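Shown below: structure_23.txt, with compact mmCIF, C-alpha atoms.
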# COMPACT_ATOMS: atom_id res chain seq x y z
CA MET A 14 75.09 -18.26 -55.04
CA ASN A 15 65.83 -23.03 -56.60
CA THR A 16 68.77 -22.61 -55.26
CA LEU A 17 66.70 -25.79 -53.31
CA THR A 18 60.83 -28.71 -51.42
CA ARG A 19 61.33 -25.38 -53.15
CA THR A 20 64.38 -25.15 -55.38
CA ASN A 21 67.25 -23.13 -54.03
CA PRO A 22 70.46 -23.12 -56.16
CA LEU A 23 72.62 -21.98 -53.27
CA ARG A 24 71.68 -24.92 -51.09
CA ALA A 25 74.47 -26.62 -53.02
CA CYS A 26 76.96 -24.41 -51.22
CA ARG A 27 75.89 -25.56 -47.76
CA ALA A 28 76.38 -28.62 -45.70
CA LEU A 29 73.30 -30.70 -44.90
CA LEU A 30 71.05 -28.40 -42.92
CA PRO A 31 69.20 -29.32 -39.74
CA ALA A 32 65.47 -29.78 -39.82
CA LEU A 33 64.97 -27.87 -36.62
CA ALA A 34 64.28 -24.13 -36.49
CA LEU A 35 66.43 -21.95 -34.29
CA VAL A 36 65.26 -18.66 -32.76
CA LEU A 37 67.51 -15.79 -31.79
CA ALA A 38 67.82 -14.92 -28.16
CA THR A 39 68.29 -11.20 -28.64
CA GLY A 40 65.57 -9.19 -30.37
CA CYS A 41 64.04 -12.36 -31.83
CA GLY A 42 61.36 -14.92 -31.28
CA THR A 43 58.39 -16.65 -32.81
CA PHE A 44 55.88 -14.28 -34.30
CA GLY A 45 52.89 -13.33 -32.23
CA ASP A 46 50.64 -10.39 -31.55
CA GLY A 47 53.05 -8.45 -29.33
CA ASP A 48 55.85 -6.34 -30.74
CA GLY A 49 58.24 -6.64 -27.80
CA GLY A 50 58.25 -2.89 -27.13
CA GLY A 51 59.26 0.08 -29.26
CA ASP A 52 57.26 2.03 -31.79
CA VAL A 53 57.58 -0.53 -34.61
CA THR A 54 58.61 -4.17 -34.70
CA LEU A 55 59.94 -5.59 -37.93
CA ARG A 56 59.49 -9.32 -38.36
CA LEU A 57 62.05 -11.18 -40.45
CA VAL A 58 61.96 -14.84 -41.45
CA ALA A 59 65.44 -16.02 -42.40
CA ALA A 60 67.13 -19.26 -43.45
CA ASP A 61 69.76 -20.96 -41.33
CA TYR A 62 72.99 -21.60 -43.24
CA GLY A 63 74.60 -23.55 -40.41
CA ASP A 64 74.60 -27.29 -39.90
CA SER A 65 74.87 -27.24 -36.08
CA ASP A 66 74.24 -24.97 -33.13
CA ALA A 67 77.92 -24.01 -33.21
CA ASN A 68 77.68 -22.35 -36.62
CA SER A 69 74.03 -21.34 -36.64
CA THR A 70 73.18 -18.14 -38.49
CA SER A 71 71.53 -17.00 -35.25
CA ARG A 72 74.83 -15.50 -34.18
CA PHE A 73 75.04 -13.33 -37.28
CA TRP A 74 71.48 -12.04 -36.93
CA ASP A 75 71.99 -11.45 -33.21
CA GLU A 76 74.89 -9.08 -33.94
CA VAL A 77 73.08 -7.33 -36.79
CA VAL A 78 69.90 -6.80 -34.75
CA ARG A 79 71.81 -5.61 -31.68
CA GLY A 80 73.70 -3.00 -33.69
CA PHE A 81 70.62 -1.83 -35.56
CA GLU A 82 68.42 -1.49 -32.48
CA ALA A 83 71.12 0.46 -30.65
CA ALA A 84 71.22 2.98 -33.49
CA ASN A 85 67.42 3.01 -34.00
CA PRO A 86 65.73 2.90 -30.58
CA GLY A 87 62.24 3.25 -32.06
CA ILE A 88 62.50 0.03 -34.07
CA LYS A 89 62.69 -3.56 -32.84
CA VAL A 90 63.49 -6.58 -35.00
CA GLN A 91 62.29 -10.13 -34.42
CA VAL A 92 64.07 -12.85 -36.42
CA ASP A 93 62.36 -16.17 -36.97
CA LEU A 94 65.18 -18.49 -38.08
CA GLN A 95 64.15 -21.58 -40.03
CA SER A 96 65.91 -24.53 -41.64
CA TRP A 97 65.90 -24.64 -45.43
CA ASN A 98 63.56 -27.60 -45.21
CA ASP A 99 60.96 -25.56 -43.33
CA ILE A 100 61.27 -21.91 -44.32
CA ASP A 101 58.89 -21.85 -47.28
CA LYS A 102 56.21 -23.71 -45.32
CA ARG A 103 56.71 -21.28 -42.43
CA VAL A 104 56.26 -18.22 -44.66
CA ALA A 105 53.17 -19.69 -46.33
CA SER A 106 51.67 -20.46 -42.92
CA LEU A 107 52.29 -16.94 -41.60
CA ILE A 108 50.68 -15.38 -44.66
CA ALA A 109 47.67 -17.70 -44.43
CA GLU A 110 47.23 -16.80 -40.75
CA GLY A 111 47.38 -13.06 -41.43
CA HIS A 112 50.80 -12.63 -39.76
CA VAL A 113 52.64 -11.46 -42.86
CA PRO A 114 56.33 -10.85 -42.11
CA ASP A 115 58.03 -7.62 -43.11
CA LEU A 116 61.09 -9.32 -44.55
CA VAL A 117 61.91 -12.82 -45.77
CA GLN A 118 65.38 -14.09 -46.68
CA THR A 119 65.21 -17.31 -48.69
CA GLY A 120 65.85 -18.85 -52.11
CA GLY A 121 63.34 -17.14 -54.41
CA PHE A 122 60.87 -14.32 -54.80
CA ALA A 123 58.87 -14.61 -58.03
CA ASP A 124 55.83 -16.27 -56.44
CA GLN A 125 55.46 -13.40 -53.96
CA VAL A 126 55.80 -10.85 -56.77
CA ALA A 127 53.07 -12.65 -58.71
CA ALA A 128 50.83 -12.42 -55.62
CA GLY A 129 51.44 -8.66 -55.41
CA ARG A 130 52.87 -8.79 -51.89
CA LEU A 131 56.28 -7.13 -52.27
CA TYR A 132 57.70 -3.64 -52.31
CA PRO A 133 59.90 -2.93 -55.33
CA ALA A 134 63.55 -2.72 -54.31
CA THR A 135 63.60 0.99 -55.15
CA ASP A 136 61.08 1.60 -52.33
CA VAL A 137 63.15 -0.06 -49.61
CA LEU A 138 66.78 0.50 -50.62
CA SER A 139 68.60 3.81 -50.44
CA ILE A 140 70.22 5.12 -53.60
CA ASP A 141 73.65 4.27 -52.19
CA THR A 142 72.63 0.71 -51.30
CA GLN A 143 71.13 0.16 -54.74
CA ALA A 144 74.20 1.58 -56.47
CA GLY A 145 76.44 -0.65 -54.38
CA MET A 146 74.91 -3.92 -55.58
CA ILE A 147 76.80 -5.97 -58.17
CA ASP A 148 74.85 -5.22 -61.35
CA ALA A 149 74.46 -8.81 -62.52
CA PHE A 150 72.80 -9.82 -59.26
CA ALA A 151 70.53 -6.79 -59.12
CA ARG A 152 69.32 -7.56 -62.66
CA ALA A 153 68.66 -11.17 -61.70
CA GLY A 154 66.21 -9.87 -59.07
CA GLN A 155 63.97 -8.26 -61.69
CA VAL A 156 60.50 -9.24 -62.78
CA LEU A 157 59.33 -7.55 -66.01
CA GLY A 158 62.00 -4.88 -65.67
CA SER A 159 61.42 -3.98 -62.01
CA GLN A 160 63.61 -5.31 -59.22
CA TYR A 161 61.87 -7.06 -56.32
CA GLY A 162 64.44 -9.66 -55.30
CA ILE A 163 67.27 -8.13 -53.28
CA PRO A 164 70.38 -10.33 -53.52
CA PHE A 165 71.59 -11.46 -50.10
CA VAL A 166 74.45 -13.86 -50.79
CA ALA A 167 75.98 -15.30 -53.93
CA SER A 168 77.93 -18.16 -55.39
CA THR A 169 79.47 -19.00 -58.73
CA ARG A 170 80.89 -22.19 -60.21
CA VAL A 171 84.43 -22.85 -61.38
CA PHE A 172 86.38 -25.82 -62.73
CA PHE A 173 88.18 -27.96 -60.12
CA TYR A 174 90.95 -30.41 -60.97
CA ASN A 175 93.20 -32.75 -58.98
CA LYS A 176 96.80 -31.65 -59.56
CA ALA A 177 98.30 -34.98 -58.49
CA ILE A 178 96.14 -36.92 -60.95
CA PHE A 179 96.96 -34.43 -63.70
CA ALA A 180 100.68 -34.90 -63.02
CA LYS A 181 100.37 -38.71 -63.20
CA ALA A 182 98.55 -38.37 -66.53
CA GLY A 183 101.16 -35.96 -67.90
CA ILE A 184 98.72 -33.02 -68.09
CA THR A 185 100.39 -29.67 -67.43
CA ALA A 186 97.44 -27.24 -67.51
CA PRO A 187 93.65 -27.35 -67.04
CA PRO A 188 91.52 -27.60 -70.19
CA THR A 189 89.94 -24.51 -71.71
CA THR A 190 87.79 -26.18 -74.39
CA TRP A 191 85.61 -29.29 -74.50
CA ASP A 192 88.03 -31.05 -76.87
CA GLU A 193 90.87 -30.43 -74.43
CA LEU A 194 88.70 -31.73 -71.58
CA ARG A 195 87.91 -34.91 -73.54
CA HIS A 196 91.59 -35.38 -74.39
CA ASP A 197 92.61 -34.93 -70.76
CA ALA A 198 89.89 -37.33 -69.63
CA GLU A 199 91.18 -39.96 -72.05
CA GLN A 200 94.73 -39.46 -70.76
CA ILE A 201 93.56 -39.91 -67.18
CA LYS A 202 91.60 -43.06 -68.01
CA ALA A 203 94.64 -44.56 -69.73
CA LYS A 204 97.29 -43.59 -67.18
CA VAL A 205 95.50 -43.38 -63.81
CA PRO A 206 93.32 -46.50 -63.44
CA GLY A 207 90.45 -46.45 -60.96
CA VAL A 208 89.84 -42.70 -61.28
CA ILE A 209 86.72 -41.19 -62.86
CA PRO A 210 88.13 -38.57 -65.26
CA TYR A 211 85.17 -36.16 -65.15
CA GLY A 212 82.42 -36.07 -62.51
CA LEU A 213 79.12 -35.35 -64.32
CA PRO A 214 76.30 -35.12 -61.74
CA LEU A 215 72.95 -34.99 -63.54
CA GLY A 216 71.00 -36.65 -60.73
CA PRO A 217 68.04 -35.05 -58.97
CA GLU A 218 70.00 -33.21 -56.28
CA GLU A 219 71.13 -30.33 -58.49
CA ALA A 220 70.99 -31.33 -62.15
CA GLN A 221 69.67 -27.90 -63.07
CA ALA A 222 73.05 -26.33 -62.22
CA GLU A 223 75.30 -28.78 -64.08
CA SER A 224 73.01 -28.76 -67.11
CA MET A 225 72.93 -24.96 -67.24
CA ILE A 226 76.74 -24.80 -67.04
CA TRP A 227 77.09 -27.16 -70.00
CA ALA A 228 74.28 -25.48 -71.95
CA MET A 229 75.95 -22.07 -71.62
CA GLY A 230 79.30 -23.56 -72.59
CA GLY A 231 77.72 -24.73 -75.83
CA GLY A 232 76.22 -21.34 -76.62
CA GLY A 233 72.74 -22.19 -75.32
CA GLY A 234 70.93 -21.97 -72.01
CA LEU A 235 67.82 -22.95 -70.13
CA ALA A 236 65.87 -19.81 -71.11
CA ASP A 237 66.28 -16.93 -73.55
CA ASN A 238 66.41 -13.21 -72.78
CA ALA A 239 62.63 -12.97 -73.14
CA GLY A 240 62.13 -15.59 -70.44
CA ASN A 241 61.07 -18.44 -72.74
CA TYR A 242 62.42 -21.88 -71.87
CA THR A 243 64.86 -23.23 -74.44
CA PHE A 244 65.66 -26.79 -73.35
CA ASP A 245 65.11 -28.15 -76.86
CA SER A 246 67.19 -25.57 -78.74
CA PRO A 247 69.64 -26.70 -81.45
CA GLN A 248 72.53 -25.57 -79.26
CA ASN A 249 71.35 -27.64 -76.31
CA ARG A 250 70.74 -30.69 -78.48
CA ALA A 251 74.32 -30.41 -79.75
CA THR A 252 75.67 -29.96 -76.22
CA PHE A 253 74.01 -33.02 -74.74
CA ALA A 254 74.86 -35.08 -77.83
CA TRP A 255 78.51 -34.10 -77.30
CA LEU A 256 78.35 -35.17 -73.65
CA ARG A 257 76.78 -38.46 -74.63
CA SER A 258 79.26 -39.36 -77.36
CA ASN A 259 82.44 -37.86 -75.89
CA LEU A 260 82.16 -38.54 -72.16
CA VAL A 261 79.33 -40.92 -71.26
CA ASP A 262 79.66 -43.47 -74.09
CA LYS A 263 83.46 -43.46 -73.71
CA HIS A 264 83.13 -44.24 -69.98
CA LEU A 265 84.96 -41.08 -68.98
CA THR A 266 82.40 -40.20 -66.32
CA TYR A 267 79.92 -42.03 -64.09
CA ALA A 268 78.13 -44.99 -65.65
CA ASP A 269 74.78 -43.27 -65.11
CA PRO A 270 75.07 -39.50 -64.69
CA ALA A 271 71.27 -39.27 -64.30
CA ALA A 272 71.55 -41.25 -61.06
CA THR A 273 74.60 -39.34 -59.75
CA ASP A 274 74.09 -36.43 -57.36
CA ARG A 275 76.44 -33.52 -56.79
CA LYS A 276 77.11 -34.71 -53.25
CA THR A 277 78.48 -37.99 -54.63
CA ALA A 278 80.72 -36.21 -57.13
CA PHE A 279 82.03 -33.82 -54.45
CA ASN A 280 82.75 -36.66 -52.03
CA ASP A 281 84.53 -38.61 -54.76
CA PHE A 282 86.66 -35.59 -55.65
CA ALA A 283 87.59 -35.19 -51.99
CA GLY A 284 88.37 -38.91 -51.92
CA GLY A 285 90.74 -38.67 -54.89
CA LYS A 286 88.37 -40.72 -57.06
CA VAL A 287 87.33 -37.94 -59.49
CA ALA A 288 89.89 -35.90 -61.42
CA MET A 289 87.77 -32.99 -62.73
CA LEU A 290 84.38 -31.43 -62.07
CA ASN A 291 82.54 -28.14 -61.74
CA GLY A 292 82.18 -26.93 -58.16
CA HIS A 293 81.12 -24.13 -55.83
CA PRO A 294 83.12 -22.61 -52.93
CA GLY A 295 81.90 -25.27 -50.52
CA LEU A 296 84.08 -27.83 -52.32
CA ILE A 297 87.20 -25.99 -51.19
CA ALA A 298 86.76 -26.96 -47.55
CA LYS A 299 86.12 -30.60 -48.49
CA ALA A 300 89.23 -30.72 -50.66
CA VAL A 301 91.43 -29.02 -48.09
CA GLY A 302 90.09 -31.22 -45.30
CA ALA A 303 90.92 -34.31 -47.38
CA LYS A 304 94.38 -32.93 -48.24
CA ILE A 305 93.65 -32.90 -51.98
CA ASP A 306 96.08 -30.77 -53.97
CA TYR A 307 93.50 -29.09 -56.17
CA GLY A 308 93.45 -26.27 -58.68
CA THR A 309 90.68 -24.06 -60.03
CA ALA A 310 90.18 -22.48 -63.44
CA ALA A 311 87.50 -21.03 -65.68
CA ILE A 312 84.96 -23.64 -66.81
CA PRO A 313 85.84 -24.99 -70.28
CA ARG A 314 83.53 -24.06 -73.15
CA LYS A 315 82.91 -25.62 -76.56
CA ASP A 316 85.47 -23.45 -78.34
CA ALA A 317 86.58 -19.86 -78.75
CA SER A 318 83.46 -19.03 -80.78
CA VAL A 319 81.32 -19.29 -77.61
CA LYS A 320 81.35 -16.20 -75.42
CA PRO A 321 82.65 -16.99 -71.91
CA ALA A 322 79.73 -17.28 -69.50
CA THR A 323 79.70 -17.78 -65.75
CA PHE A 324 76.98 -19.58 -63.84
CA GLY A 325 75.84 -17.71 -60.75
CA VAL A 326 73.33 -18.42 -58.02
CA ALA A 327 71.90 -16.23 -55.29
CA ASP A 328 69.67 -16.25 -52.26
CA TRP A 329 67.32 -13.33 -51.79
CA MET A 330 65.82 -10.81 -49.42
CA MET A 331 62.30 -9.55 -50.10
CA ALA A 332 60.24 -6.85 -48.41
CA PHE A 333 56.49 -7.26 -47.83
CA LYS A 334 53.97 -4.42 -48.07
CA ALA A 335 51.25 -5.77 -45.76
CA ASN A 336 52.33 -4.00 -42.56
CA GLY A 337 53.20 -0.65 -44.15
CA HIS A 338 56.68 -0.53 -42.59
CA ARG A 339 58.48 0.71 -45.68
CA ALA A 340 60.55 3.41 -43.93
CA GLU A 341 61.65 1.07 -41.14
CA ILE A 342 62.50 -1.71 -43.59
CA LYS A 343 64.62 0.75 -45.56
CA LYS A 344 66.58 1.69 -42.43
CA PHE A 345 67.16 -1.94 -41.51
CA LEU A 346 68.30 -2.94 -44.99
CA GLY A 347 70.68 0.01 -45.07
CA HIS A 348 72.25 -1.37 -41.89
CA LEU A 349 72.25 -4.99 -43.07
CA TYR A 350 74.04 -4.22 -46.33
CA ARG A 351 76.90 -2.34 -44.69
CA LYS A 352 80.26 -3.83 -45.65
CA ASP A 353 81.08 -5.03 -42.13
CA ASN A 354 77.85 -7.03 -41.89
CA GLN A 355 78.17 -8.47 -45.38
CA LEU A 356 81.79 -9.48 -44.77
CA SER A 357 80.85 -11.11 -41.49
CA PHE A 358 78.30 -13.36 -43.17
CA ASP A 359 80.26 -14.15 -46.32
CA GLU A 360 83.42 -15.02 -44.43
CA GLN A 361 81.61 -17.17 -41.87
CA TYR A 362 80.13 -19.43 -44.59
CA ASN A 363 82.79 -19.02 -47.30
CA LEU A 364 80.20 -17.57 -49.67
CA LEU A 365 80.45 -14.71 -52.12
CA PRO A 366 79.39 -11.07 -51.82
CA VAL A 367 76.56 -9.30 -53.62
CA THR A 368 77.88 -5.76 -53.08
CA GLN A 369 80.72 -4.15 -54.98
CA GLU A 370 82.37 -2.81 -51.82
CA THR A 371 82.44 -6.22 -50.17
CA ARG A 372 83.76 -7.88 -53.33
CA ALA A 373 86.53 -5.28 -53.55
CA ASP A 374 87.51 -5.99 -49.94
CA MET A 375 87.50 -9.77 -50.40
CA THR A 376 89.44 -9.47 -53.67
CA GLY A 377 92.08 -7.08 -52.38
CA SER A 378 92.57 -8.14 -48.76
CA GLY A 379 94.66 -11.21 -49.49
CA ARG A 380 92.55 -13.27 -47.08
CA HIS A 381 90.55 -15.03 -49.80
CA ARG A 382 93.03 -16.22 -52.41
CA ASP A 383 91.20 -19.55 -52.56
CA LEU A 384 88.13 -17.67 -53.85
CA THR A 385 89.93 -15.71 -56.58
CA GLU A 386 88.34 -17.54 -59.52
CA PHE A 387 84.89 -17.28 -57.92
CA LEU A 388 85.24 -13.57 -57.14
CA ASN A 389 86.48 -12.83 -60.65
CA ALA A 390 83.39 -14.52 -62.07
CA LEU A 391 80.82 -12.49 -60.13
CA PRO A 392 80.35 -9.45 -62.42
CA THR A 393 79.54 -11.58 -65.49
CA ALA A 394 77.37 -14.21 -63.82
CA ASN A 395 74.31 -15.66 -65.57
CA PHE A 396 71.38 -16.97 -63.56
CA TYR A 397 68.40 -19.23 -63.48
CA PRO A 398 65.20 -17.44 -64.58
CA TYR A 399 64.49 -16.40 -60.98
CA GLY A 400 61.88 -13.86 -62.05
CA ASP A 401 59.65 -16.47 -63.71
CA PRO A 402 56.95 -17.71 -61.30
CA SER A 403 57.06 -21.11 -63.02
CA TRP A 404 60.77 -21.67 -62.32
CA ASP A 405 60.29 -23.51 -59.02
CA LYS A 406 58.19 -26.21 -60.71
CA VAL A 407 60.27 -26.25 -63.89
CA SER A 408 63.45 -26.64 -61.86
CA GLY A 409 61.93 -29.73 -60.27
CA LEU A 410 61.25 -31.13 -63.75
CA VAL A 411 64.85 -30.46 -64.78
CA LYS A 412 66.15 -32.33 -61.75
CA GLN A 413 64.15 -35.40 -62.65
CA GLN A 414 64.42 -35.40 -66.45
CA ILE A 415 67.56 -33.67 -67.77
CA GLY A 416 69.81 -36.65 -67.04
CA ALA A 417 68.05 -38.61 -69.77
CA ALA A 418 69.43 -36.14 -72.33
CA VAL A 419 72.84 -37.83 -72.20
CA LYS A 420 71.32 -41.26 -72.79
CA ARG A 421 70.02 -42.84 -75.93
CA ASP A 422 67.12 -40.83 -77.43
CA GLY A 423 68.42 -37.75 -75.64
CA ASP A 424 66.70 -35.44 -78.13
CA ASP A 425 63.36 -36.97 -77.18
CA ALA A 426 64.11 -36.25 -73.51
CA LEU A 427 64.83 -32.59 -74.28
CA ALA A 428 61.64 -32.29 -76.35
CA ALA A 429 59.57 -33.77 -73.53
CA LEU A 430 61.17 -31.42 -70.99
CA GLN A 431 60.52 -28.45 -73.27
CA ALA A 432 56.83 -29.32 -73.55
CA ALA A 433 56.44 -29.82 -69.80
CA ALA A 434 58.24 -26.55 -69.01
CA ALA A 435 56.14 -24.59 -71.51
CA ALA A 436 52.98 -26.00 -69.94
CA GLU A 437 54.11 -24.96 -66.44
CA ALA A 438 54.99 -21.49 -67.70
CA GLY A 439 51.57 -21.15 -69.29
CA ARG A 440 49.81 -22.11 -66.04
CA ALA A 441 51.93 -19.72 -63.98
CA ARG A 442 51.25 -16.77 -66.26
CA ARG A 443 47.49 -17.08 -66.47

Written as structure tokens, that's how I'd like the structure from this file.
Amino acid sequence: MNTLTRTNPLRACRALLPALALVLATGCGTFGDGDGGGDVTLRLVAADYGDSDANSTSRFWDEVVRGFEAANPGIKVQVDLQSWNDIDKRVASLIAEGHVPDLVQTGGFADQVAAGRLYPATDVLSIDTQAGMIDAFARAGQVLGSQYGIPFVASTRVFFYNKAIFAKAGITAPPTTWDELRHDAEQIKAKVPGVIPYGLPLGPEEAQAESMIWAMGGGGGLADNAGNYTFDSPQNRATFAWLRSNLVDKHLTYADPAATDRKTAFNDFAGGKVAMLNGHPGLIAKAVGAKIDYGTAAIPRKDASVKPATFGVADWMMAFKANGHRAEIKKFLGHLYRKDNQLSFDEQYNLLPVTQETRADMTGSGRHRDLTEFLNALPTANFYPYGDPSWDKVSGLVKQQIGAAVKRDGDDALAALQAAAAAEAGRARR
């Protein structure tokens, strides 16, 4: 649904998160030496997706733990709930102190795989649970062909457009190609003064997402199938040159995309100041709350010669070996990934499912028509190189540097980013 401080692509789908850590009242608490009774106590560190006490993820975990412990009286579960700002520091501290958790739910996993701390997913998921995962997300959890990252929640991106602005500009349908997008943007600039035709956020908040969407639409990407970074590929050079000459230089987007964050673009769309942009499910609530008559569609690509590609992000569950609780972890994960629990979480935060059964329910129930484009995109999603232990640092470089690729000397910016990414990858793989 990076990341997103450690990068977490799905942080883009949340509101601003509190810095405080919340602890569950039932079956949960800060980690210590006691196990709270029972034969085995599983310790889980999890991220809080809420932005207040009223919508804290503590309520979800409370229900999950209560149901699991009732069905498994020999196993207790303690949940240590942390804000996204603090969770990685909390996990690192626990490991350093010798209090390794059994499970961690956060934004990445490759660093723990590199340290040799995790069970492979096949050791802690039943055959039915494994088979029920959406294939694209299960593959994204692999490192060197073995899955360690267990997808927990997902998101995809789709194209948003303001129907009222389109009507004023005489546009009857959303664009499907880049040339159509440029044409529509020019129409909007000419006929709807004061509106930014396309919101291009390449600022440091989440430039890695917007840049990957455009790179894929031009037939490129941030990394190849072998895991090598490809920022300076011919396809990417052509993509960013197109953005520069067709949108930025023609003043059809922000004056300085490199200084524009996603939050700004989303707020401007909700304020009726941006006509088109790429967005995640969290933008729906903002648009509805602002009474924007919006539409969604597949993200435009260069032309029909480029295979349609969907950008996906995910947050992850990982299981640690240190305490030897493999059998108990497997039971708990079997309970957690039941459809009722997955639906409860996804519907509470308007996020997307990682299991086929939950996706089928959300697609067919009629309760989630606003997510239709997002749900349709799930099976063919493409991801950041989550399995590369260098990705966290490289993602930070992308946030700071990729915006320069739509400025003058953009090719030089891509070459510099390529060299820096290759150096990070080399250090991580030694």

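For the residues A:Val104, A:Ile184, A:Leu94, A:Val126, ranking by smallest atom-to-atom distance to A:Leu157 using all atoms listed in the file places A:Val126 first.
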
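The nearest approach to A:Tyr307 among the residues A:Tyr350, A:Phe333, A:Phe345, A:Phe173, with all atoms listed in the file taken into account, belongs to A:Phe173.
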
Selection: 12 Å around A:Gly183, all atoms listed in the file, excl. self and same-chain fewer than 4 positions, as a tab-separated table (two decimals) with C-alpha atoms, in the coordinates of the input:
chain	number	residue	atom	x	y	z
A	176	LYS	CA	96.80	-31.65	-59.56
A	177	ALA	CA	98.30	-34.98	-58.49
A	178	ILE	CA	96.14	-36.92	-60.95
A	179	PHE	CA	96.96	-34.43	-63.70
A	187	PRO	CA	93.65	-27.35	-67.04
A	196	HIS	CA	91.59	-35.38	-74.39
A	197	ASP	CA	92.61	-34.93	-70.76
A	198	ALA	CA	89.89	-37.33	-69.63
A	199	GLU	CA	91.18	-39.96	-72.05
A	200	GLN	CA	94.73	-39.46	-70.76
A	201	ILE	CA	93.56	-39.91	-67.18
A	202	LYS	CA	91.60	-43.06	-68.01
A	203	ALA	CA	94.64	-44.56	-69.73
A	204	LYS	CA	97.29	-43.59	-67.18
A	205	VAL	CA	95.50	-43.38	-63.81

When you draw a straight line from atom CA of A:Asp281 to atom CA of A:Lys304, how long is it in Å? 13.1 Å

Taking 3 positions as the minimum chain separation for residues in the same chain, which residues sit within 12 Å of A:Ala144 when counting all atoms listed in the file? Answer as a VMD selection string. chain A and resid 134 to 135 138 to 141 147 to 148 150 to 151 350 367 to 370

Neighbour residues at most 9 Å from (84.8, -17.2, -58.3) (all atoms listed in the file) as a PyMOL selection string: chain A and resi 168-171+293-294+311+365+383-391

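Our summary of the geometry notes that atom CA of A:Ile108 is positioned 25.3 Å from atom CA of A:Gly439.
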
One-decimal distance in Å that lies between atom CA of A:Leu410 and atom CA of A:Trp97: 20.0 Å

Residues within 7 Å of stretch 130-132 of chain A, all atoms listed in the file, excluding chain neighbours under 6 positions, as an mmCIF file with C-alpha atoms, in the frame of the given file:
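The new file out-v8.cif reads:
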data_model
loop_
_atom_site.group_PDB
_atom_site.id
_atom_site.type_symbol
_atom_site.label_atom_id
_atom_site.label_comp_id
_atom_site.auth_asym_id
_atom_site.auth_seq_id
_atom_site.Cartn_x
_atom_site.Cartn_y
_atom_site.Cartn_z
ATOM 1 C CA TYR A 161 61.870 -7.060 -56.320
ATOM 2 C CA MET A 331 62.300 -9.550 -50.100
ATOM 3 C CA ALA A 332 60.240 -6.850 -48.410
ATOM 4 C CA PHE A 333 56.490 -7.260 -47.830
ATOM 5 C CA LYS A 334 53.970 -4.420 -48.070
#

Considering only C-alpha atoms, return as number ranges by chain whatever protein or nucleic-acid residues lie within 8 Å of A:Ala322, sequence-local ones (same chain, fewer than 5 positions apart) excluded. A: 229-230, 393-395

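Comparing the minimum interatomic distances between A:Glu219 and each of A:Ala317, A:Ala335, A:Ala67, A:Val411, counting all atoms listed in the file, we find that A:Val411 sits nearest.
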
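Among the candidate residues A:Gly87, A:Gly347, A:Gly423, A:Gly80, the one lying nearest to A:Trp255 is A:Gly423, with distances computed using all atoms listed in the file.
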
So, with only C-alpha atoms as the atoms that count, which of A:Pro210, A:Pro114, A:Pro392, A:Pro402 lies closest to A:Ala288?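 For A:Ala288, the nearest of the given residues is A:Pro210.
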
Using only C-alpha atoms for the distances, tell me which of A:Ala220, A:Val53, A:Ala434, A:Val287 is nearest to A:Arg275.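 Once distances to A:Arg275 are computed over only C-alpha atoms, the minimum belongs to A:Ala220.
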
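A cut-off of 12 Å from the point (69.2, -38.5, -80.3), with only C-alpha atoms, picks out the residues Asp245, Pro247, Asn249, Arg250, Ala251, Thr252, Phe253, Ala254, Trp255, Leu256, Arg257, Ser258, Ala417, Ala418, Val419, Lys420, Arg421, Asp422, Gly423, Asp424, Asp425, Ala426, Leu427 and Ala428 of chain A.
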
Within 8 Å of A:Ala303 using only C-alpha atoms, minus same-chain residues under 3 positions, as a JSON list (two decimals) with C-alpha atoms, in the coordinates of the input:
[["chain", "number", "residue", "atom", "x", "y", "z"],
["A", 283, "ALA", "CA", 87.59, -35.19, -51.99],
["A", 284, "GLY", "CA", 88.37, -38.91, -51.92],
["A", 299, "LYS", "CA", 86.12, -30.60, -48.49],
["A", 300, "ALA", "CA", 89.23, -30.72, -50.66]]
